[in-house]
Amino acid sequence: MEETFVAFSKFGDTKSTGKELDNKKFSKLCKDTGIMGKLVTSTDVDICFSKYKPKGGRTITIKEFKSCLDELAKKRFPKLSESERNAAMTELVANKGPKTAGTTKAVKGGATSRLTDTSKYTGSHKERFGEDGKGKGLEGRADLVENSGYVGNYKGAETYDKTH
């Protein structure tokens with residue numbers, strides 16, 4: 001259960017230490033693991049979270065998380081004994097991670113592949129890529145700045161007599 005707690009507490013938050021879980025992530029955990037359903041509603045989850053969070057606090061720790069799960073187990077599995085409820089809840093929650101259903105996936109076919117195929121490039125764009133299709137970076141650009149001291153397109157460059 002600790003792995004699940006850490007996975008959900010770090011989900012979408014790069015600064016998270018994995019030791020605290022806020023209400024939004026706790027609700028997501030309950031939804032994604034299957035705790036929330038006909039018997040346990042989102043209101044039940046929110047009330048349970050509010051009951052166990054510290055006064056004035058916005059997050060719960062692993063200890064408070066386990067207390068919440070014990071209370072929700074009574075609603076989720078009302079006909080089972082306490083040991084069976086705890087086992088069933090552990091089975092629901094253990095080794096699960098956040099789901100990313102409904103997120104945007106990268107498109108692989110159609111116009112995208114046609115537009116990004118460097119072998120079909122022509123003209124000045126073609127010279128910006130090597131044989132393997134990798135970009136050449138600044139070397140692939142025709143208009144590099146030359147710091148020679150001469151004005152651009154000057155035909156007599158390097159013809160100045162340096163003896164003077």
# chains A, B, ... in the order shown; residues from 1 in each chain; ligands from 1
call {"tool": "residues_around", "arguments": {"residues": "range 66-79 of chain A", "least_positions_apart": "3", "cutoff": "9 Å", "atoms": "only C-alpha atoms", "output": "JSON list (two decimals) with N, CA and C atoms, in the first residue's frame"}}
result
[["chain", "number", "residue", "atom", "x", "y", "z"],
["A", 1, "MET", "N", 0.81, -1.20, 0.00],
["A", 1, "MET", "CA", 0.00, 0.00, 0.00],
["A", 1, "MET", "C", 0.86, 1.27, 0.00],
["A", 35, "ILE", "N", -12.04, 1.65, -5.40],
["A", 35, "ILE", "CA", -12.70, 1.80, -4.10],
["A", 35, "ILE", "C", -14.03, 2.52, -4.29],
["A", 36, "MET", "N", -14.01, 3.58, -5.09],
["A", 36, "MET", "CA", -15.22, 4.36, -5.36],
["A", 36, "MET", "C", -16.11, 3.58, -6.32],
["A", 37, "GLY", "N", -17.37, 3.53, -6.01],
["A", 37, "GLY", "CA", -18.32, 2.81, -6.85],
["A", 37, "GLY", "C", -19.73, 3.08, -6.38],
["A", 38, "LYS", "N", -20.59, 2.05, -6.42],
["A", 38, "LYS", "CA", -21.98, 2.22, -6.00],
["A", 38, "LYS", "C", -22.10, 2.44, -4.49],
["A", 39, "LEU", "N", -21.28, 1.72, -3.73],
["A", 39, "LEU", "CA", -21.39, 1.80, -2.28],
["A", 39, "LEU", "C", -20.58, 2.96, -1.68],
["A", 40, "VAL", "N", -19.49, 3.33, -2.32],
["A", 40, "VAL", "CA", -18.65, 4.43, -1.84],
["A", 40, "VAL", "C", -18.67, 5.53, -2.89],
["A", 44, "ASP", "N", -18.48, 10.43, 0.11],
["A", 44, "ASP", "CA", -17.96, 9.60, 1.21],
["A", 44, "ASP", "C", -16.44, 9.74, 1.31],
["A", 45, "VAL", "N", -15.78, 9.75, 0.15],
["A", 45, "VAL", "CA", -14.33, 9.85, 0.12],
["A", 45, "VAL", "C", -13.88, 11.21, 0.67],
["A", 48, "CYS", "N", -14.45, 11.36, 4.48],
["A", 48, "CYS", "CA", -13.45, 10.54, 5.16],
["A", 48, "CYS", "C", -12.11, 11.26, 5.19],
["A", 49, "PHE", "N", -11.73, 11.87, 4.07],
["A", 49, "PHE", "CA", -10.46, 12.61, 4.01],
["A", 49, "PHE", "C", -10.47, 13.76, 5.02],
["A", 51, "LYS", "N", -12.17, 14.03, 7.71],
["A", 51, "LYS", "CA", -12.21, 13.52, 9.08],
["A", 51, "LYS", "C", -10.80, 13.19, 9.60],
["A", 52, "TYR", "N", -9.95, 12.67, 8.72],
["A", 52, "TYR", "CA", -8.63, 12.20, 9.16],
["A", 52, "TYR", "C", -7.48, 13.18, 8.92],
["A", 61, "THR", "N", -1.00, 11.87, 5.85],
["A", 61, "THR", "CA", 0.21, 11.04, 5.79],
["A", 61, "THR", "C", -0.20, 9.58, 5.58],
["A", 62, "ILE", "N", 0.78, 8.71, 5.51],
["A", 62, "ILE", "CA", 0.49, 7.28, 5.28],
["A", 62, "ILE", "C", -0.34, 6.68, 6.42],
["A", 63, "LYS", "N", -0.09, 7.12, 7.64],
["A", 63, "LYS", "CA", -0.83, 6.60, 8.80],
["A", 63, "LYS", "C", -2.32, 6.98, 8.69],
["A", 82, "GLU", "N", -14.02, -8.07, 9.54],
["A", 82, "GLU", "CA", -12.99, -7.02, 9.53],
["A", 82, "GLU", "C", -11.70, -7.49, 8.87],
["A", 84, "GLU", "N", -11.38, -9.89, 6.61],
["A", 84, "GLU", "CA", -11.64, -10.06, 5.18],
["A", 84, "GLU", "C", -11.72, -8.70, 4.47],
["A", 85, "ARG", "N", -12.32, -7.70, 5.17],
["A", 85, "ARG", "CA", -12.39, -6.34, 4.61],
["A", 85, "ARG", "C", -11.01, -5.77, 4.37],
["A", 86, "ASN", "N", -10.13, -5.92, 5.37],
["A", 86, "ASN", "CA", -8.77, -5.39, 5.26],
["A", 86, "ASN", "C", -8.00, -6.09, 4.13],
["A", 88, "ALA", "N", -9.36, -7.52, 1.45],
["A", 88, "ALA", "CA", -9.96, -7.10, 0.18],
["A", 88, "ALA", "C", -9.51, -5.69, -0.19],
["A", 89, "MET", "N", -9.43, -4.79, 0.80],
["A", 89, "MET", "CA", -8.99, -3.42, 0.55],
["A", 89, "MET", "C", -7.52, -3.39, 0.16],
["A", 90, "THR", "N", -6.71, -4.21, 0.82],
["A", 90, "THR", "CA", -5.28, -4.29, 0.47],
["A", 90, "THR", "C", -5.11, -4.80, -0.95]]
call {"tool": "select_by_dssp", "arguments": {"residues": "range 16-147 of chain A", "states": "alpha helix (DSSP H)", "output": "mmCIF file with N, CA and C atoms, in the first residue's frame"}}
result
data_model
loop_
_atom_site.group_PDB
_atom_site.id
_atom_site.type_symbol
_atom_site.label_atom_id
_atom_site.label_comp_id
_atom_site.auth_asym_id
_atom_site.auth_seq_id
_atom_site.Cartn_x
_atom_site.Cartn_y
_atom_site.Cartn_z
ATOM 1 N N ASN A 23 -6.352 16.008 -1.062
ATOM 2 C CA ASN A 23 -7.695 15.466 -1.296
ATOM 3 C C ASN A 23 -7.914 15.087 -2.756
ATOM 4 N N LYS A 24 -7.413 15.898 -3.674
ATOM 5 C CA LYS A 24 -7.601 15.627 -5.104
ATOM 6 C C LYS A 24 -6.949 14.292 -5.488
ATOM 7 N N LYS A 25 -5.736 14.085 -5.011
ATOM 8 C CA LYS A 25 -5.019 12.845 -5.343
ATOM 9 C C LYS A 25 -5.605 11.647 -4.607
ATOM 10 N N PHE A 26 -6.121 11.885 -3.383
ATOM 11 C CA PHE A 26 -6.778 10.798 -2.652
ATOM 12 C C PHE A 26 -8.036 10.361 -3.390
ATOM 13 N N SER A 27 -8.802 11.318 -3.914
ATOM 14 C CA SER A 27 -10.007 10.986 -4.690
ATOM 15 C C SER A 27 -9.633 10.222 -5.955
ATOM 16 N N LYS A 28 -8.551 10.642 -6.613
ATOM 17 C CA LYS A 28 -8.079 9.947 -7.816
ATOM 18 C C LYS A 28 -7.667 8.518 -7.467
ATOM 19 N N LEU A 29 -6.982 8.356 -6.348
ATOM 20 C CA LEU A 29 -6.572 7.027 -5.906
ATOM 21 C C LEU A 29 -7.800 6.136 -5.715
ATOM 22 N N CYS A 30 -8.816 6.669 -5.042
ATOM 23 C CA CYS A 30 -10.025 5.875 -4.792
ATOM 24 C C CYS A 30 -10.740 5.522 -6.092
ATOM 25 N N LYS A 31 -10.741 6.446 -7.052
ATOM 26 C CA LYS A 31 -11.383 6.199 -8.341
ATOM 27 C C LYS A 31 -10.606 5.149 -9.145
ATOM 28 N N ASP A 32 -9.276 5.354 -9.247
ATOM 29 C CA ASP A 32 -8.444 4.490 -10.090
ATOM 30 C C ASP A 32 -8.281 3.075 -9.541
ATOM 31 N N THR A 33 -8.318 2.916 -8.219
ATOM 32 C CA THR A 33 -8.137 1.582 -7.641
ATOM 33 C C THR A 33 -9.440 0.808 -7.522
ATOM 34 N N SER A 42 -18.070 9.759 -4.138
ATOM 35 C CA SER A 42 -17.029 10.780 -3.998
ATOM 36 C C SER A 42 -17.260 11.612 -2.741
ATOM 37 N N THR A 43 -18.520 11.778 -2.342
ATOM 38 C CA THR A 43 -18.834 12.506 -1.106
ATOM 39 C C THR A 43 -18.304 11.747 0.101
ATOM 40 N N ASP A 44 -18.484 10.428 0.109
ATOM 41 C CA ASP A 44 -17.959 9.602 1.208
ATOM 42 C C ASP A 44 -16.440 9.735 1.310
ATOM 43 N N VAL A 45 -15.780 9.745 0.150
ATOM 44 C CA VAL A 45 -14.326 9.854 0.115
ATOM 45 C C VAL A 45 -13.880 11.208 0.667
ATOM 46 N N ASP A 46 -14.576 12.284 0.265
ATOM 47 C CA ASP A 46 -14.231 13.626 0.743
ATOM 48 C C ASP A 46 -14.467 13.771 2.245
ATOM 49 N N ILE A 47 -15.561 13.224 2.743
ATOM 50 C CA ILE A 47 -15.862 13.298 4.177
ATOM 51 C C ILE A 47 -14.818 12.528 4.970
ATOM 52 N N CYS A 48 -14.455 11.356 4.484
ATOM 53 C CA CYS A 48 -13.450 10.536 5.155
ATOM 54 C C CYS A 48 -12.106 11.259 5.191
ATOM 55 N N PHE A 49 -11.726 11.874 4.072
ATOM 56 C CA PHE A 49 -10.462 12.614 4.012
ATOM 57 C C PHE A 49 -10.471 13.756 5.025
ATOM 58 N N SER A 50 -11.571 14.504 5.060
ATOM 59 C CA SER A 50 -11.672 15.643 5.985
ATOM 60 C C SER A 50 -11.640 15.204 7.438
ATOM 61 N N LYS A 51 -12.172 14.028 7.715
ATOM 62 C CA LYS A 51 -12.207 13.525 9.084
ATOM 63 C C LYS A 51 -10.799 13.191 9.597
ATOM 64 N N TYR A 52 -9.949 12.674 8.725
ATOM 65 C CA TYR A 52 -8.633 12.199 9.162
ATOM 66 C C TYR A 52 -7.482 13.177 8.923
ATOM 67 N N ILE A 62 0.775 8.707 5.514
ATOM 68 C CA ILE A 62 0.490 7.284 5.279
ATOM 69 C C ILE A 62 -0.339 6.678 6.416
ATOM 70 N N LYS A 63 -0.086 7.123 7.643
ATOM 71 C CA LYS A 63 -0.832 6.600 8.799
ATOM 72 C C LYS A 63 -2.316 6.984 8.692
ATOM 73 N N GLU A 64 -2.571 8.258 8.376
ATOM 74 C CA GLU A 64 -3.944 8.732 8.226
ATOM 75 C C GLU A 64 -4.607 8.092 7.000
ATOM 76 N N PHE A 65 -3.806 7.837 5.965
ATOM 77 C CA PHE A 65 -4.285 7.181 4.750
ATOM 78 C C PHE A 65 -4.821 5.790 5.077
ATOM 79 N N LYS A 66 -4.081 5.051 5.897
ATOM 80 C CA LYS A 66 -4.520 3.700 6.267
ATOM 81 C C LYS A 66 -5.801 3.748 7.092
ATOM 82 N N SER A 67 -5.938 4.761 7.951
ATOM 83 C CA SER A 67 -7.167 4.924 8.739
ATOM 84 C C SER A 67 -8.350 5.217 7.821
ATOM 85 N N CYS A 68 -8.123 6.063 6.811
ATOM 86 C CA CYS A 68 -9.180 6.359 5.831
ATOM 87 C C CYS A 68 -9.616 5.093 5.106
ATOM 88 N N LEU A 69 -8.628 4.304 4.690
ATOM 89 C CA LEU A 69 -8.955 3.074 3.955
ATOM 90 C C LEU A 69 -9.736 2.101 4.828
ATOM 91 N N ASP A 70 -9.415 2.034 6.126
ATOM 92 C CA ASP A 70 -10.158 1.155 7.031
ATOM 93 C C ASP A 70 -11.631 1.577 7.113
ATOM 94 N N GLU A 71 -11.851 2.891 7.194
ATOM 95 C CA GLU A 71 -13.233 3.378 7.259
ATOM 96 C C GLU A 71 -13.973 3.146 5.948
ATOM 97 N N LEU A 72 -13.289 3.395 4.826
ATOM 98 C CA LEU A 72 -13.932 3.179 3.529
ATOM 99 C C LEU A 72 -14.182 1.693 3.266
ATOM 100 N N ALA A 73 -13.349 0.836 3.832
ATOM 101 C CA ALA A 73 -13.524 -0.616 3.660
ATOM 102 C C ALA A 73 -14.847 -1.080 4.271
ATOM 103 N N LYS A 74 -15.250 -0.438 5.382
ATOM 104 C CA LYS A 74 -16.526 -0.803 6.014
ATOM 105 C C LYS A 74 -17.698 -0.506 5.083
ATOM 106 N N LYS A 75 -17.604 0.596 4.321
ATOM 107 C CA LYS A 75 -18.677 0.932 3.384
ATOM 108 C C LYS A 75 -18.589 0.101 2.111
ATOM 109 N N ARG A 76 -17.365 -0.147 1.647
ATOM 110 C CA ARG A 76 -17.154 -0.851 0.375
ATOM 111 C C ARG A 76 -17.492 -2.339 0.486
ATOM 112 N N GLU A 82 -14.023 -8.066 9.538
ATOM 113 C CA GLU A 82 -12.993 -7.021 9.527
ATOM 114 C C GLU A 82 -11.698 -7.490 8.865
ATOM 115 N N SER A 83 -11.264 -8.710 9.138
ATOM 116 C CA SER A 83 -10.022 -9.208 8.531
ATOM 117 C C SER A 83 -10.187 -9.403 7.021
ATOM 118 N N GLU A 84 -11.380 -9.889 6.610
ATOM 119 C CA GLU A 84 -11.641 -10.056 5.183
ATOM 120 C C GLU A 84 -11.717 -8.700 4.467
ATOM 121 N N ARG A 85 -12.320 -7.699 5.167
ATOM 122 C CA ARG A 85 -12.392 -6.338 4.605
ATOM 123 C C ARG A 85 -11.006 -5.771 4.370
ATOM 124 N N ASN A 86 -10.134 -5.917 5.373
ATOM 125 C CA ASN A 86 -8.768 -5.389 5.257
ATOM 126 C C ASN A 86 -8.000 -6.088 4.131
ATOM 127 N N ALA A 87 -8.196 -7.395 4.004
ATOM 128 C CA ALA A 87 -7.532 -8.148 2.933
ATOM 129 C C ALA A 87 -8.051 -7.708 1.564
ATOM 130 N N ALA A 88 -9.360 -7.521 1.450
ATOM 131 C CA ALA A 88 -9.961 -7.096 0.184
ATOM 132 C C ALA A 88 -9.510 -5.688 -0.187
ATOM 133 N N MET A 89 -9.428 -4.791 0.803
ATOM 134 C CA MET A 89 -8.990 -3.421 0.548
ATOM 135 C C MET A 89 -7.517 -3.393 0.156
ATOM 136 N N THR A 90 -6.706 -4.210 0.818
ATOM 137 C CA THR A 90 -5.281 -4.290 0.474
ATOM 138 C C THR A 90 -5.112 -4.796 -0.949
ATOM 139 N N GLU A 91 -5.929 -5.777 -1.328
ATOM 140 C CA GLU A 91 -5.867 -6.311 -2.692
ATOM 141 C C GLU A 91 -6.263 -5.255 -3.729
ATOM 142 N N LEU A 92 -7.259 -4.421 -3.391
ATOM 143 C CA LEU A 92 -7.682 -3.350 -4.294
ATOM 144 C C LEU A 92 -6.589 -2.305 -4.492
ATOM 145 N N VAL A 93 -5.921 -1.931 -3.402
ATOM 146 C CA VAL A 93 -5.009 -0.784 -3.413
ATOM 147 C C VAL A 93 -3.554 -1.165 -3.725
ATOM 148 N N ALA A 111 -0.880 12.753 -41.743
ATOM 149 C CA ALA A 111 -0.135 13.931 -42.180
ATOM 150 C C ALA A 111 1.148 14.138 -41.389
ATOM 151 N N THR A 112 1.157 13.786 -40.122
ATOM 152 C CA THR A 112 2.341 14.024 -39.293
ATOM 153 C C THR A 112 3.559 13.293 -39.828
ATOM 154 N N SER A 113 3.405 12.036 -40.170
ATOM 155 C CA SER A 113 4.554 11.274 -40.666
ATOM 156 C C SER A 113 5.027 11.799 -42.016
ATOM 157 N N ARG A 114 4.081 12.230 -42.835
ATOM 158 C CA ARG A 114 4.433 12.774 -44.138
ATOM 159 C C ARG A 114 5.200 14.091 -44.007
ATOM 160 N N LEU A 115 4.774 14.937 -43.090
ATOM 161 C CA LEU A 115 5.396 16.250 -42.928
ATOM 162 C C LEU A 115 6.748 16.189 -42.233
ATOM 163 N N GLY A 123 14.762 21.579 -51.987
ATOM 164 C CA GLY A 123 15.273 22.951 -51.964
ATOM 165 C C GLY A 123 16.199 23.212 -50.799
ATOM 166 N N SER A 124 16.103 24.401 -50.253
ATOM 167 C CA SER A 124 17.012 24.809 -49.179
ATOM 168 C C SER A 124 16.779 24.009 -47.897
ATOM 169 N N HIS A 125 15.580 23.486 -47.701
ATOM 170 C CA HIS A 125 15.283 22.707 -46.502
ATOM 171 C C HIS A 125 16.026 21.374 -46.502
ATOM 172 N N LYS A 126 16.231 20.816 -47.682
ATOM 173 C CA LYS A 126 16.892 19.525 -47.818
ATOM 174 C C LYS A 126 18.328 19.597 -47.301
#
call {"tool": "closest_residue", "arguments": {"among": "A:Gly97, A:Gly137, A:Pro54, A:Gly130", "to": "Gly34 in chain A", "atoms": "only C-alpha atoms"}}
result
A:Gly97
call {"tool": "atom_distance", "arguments": {"atom1": "CA of Asn95 in chain A", "atom2": "CA of Thr4 in chain A"}}
result
5.5 Å
call {"tool": "atom_distance", "arguments": {"atom1": "CA of Ala7 in chain A", "atom2": "CA of Thr41 in chain A"}}
result
22.5 Å
call {"tool": "select_by_dssp", "arguments": {"residues": "chain A", "states": "strand (DSSP E or B)", "output": "VMD selection string"}}
result
chain A and resid 21 to 22 59 to 60 129 135
call {"tool": "atom_distance", "arguments": {"atom1": "CA of Lys99 in chain A", "atom2": "CA of Thr14 in chain A"}}
result
17.1 Å
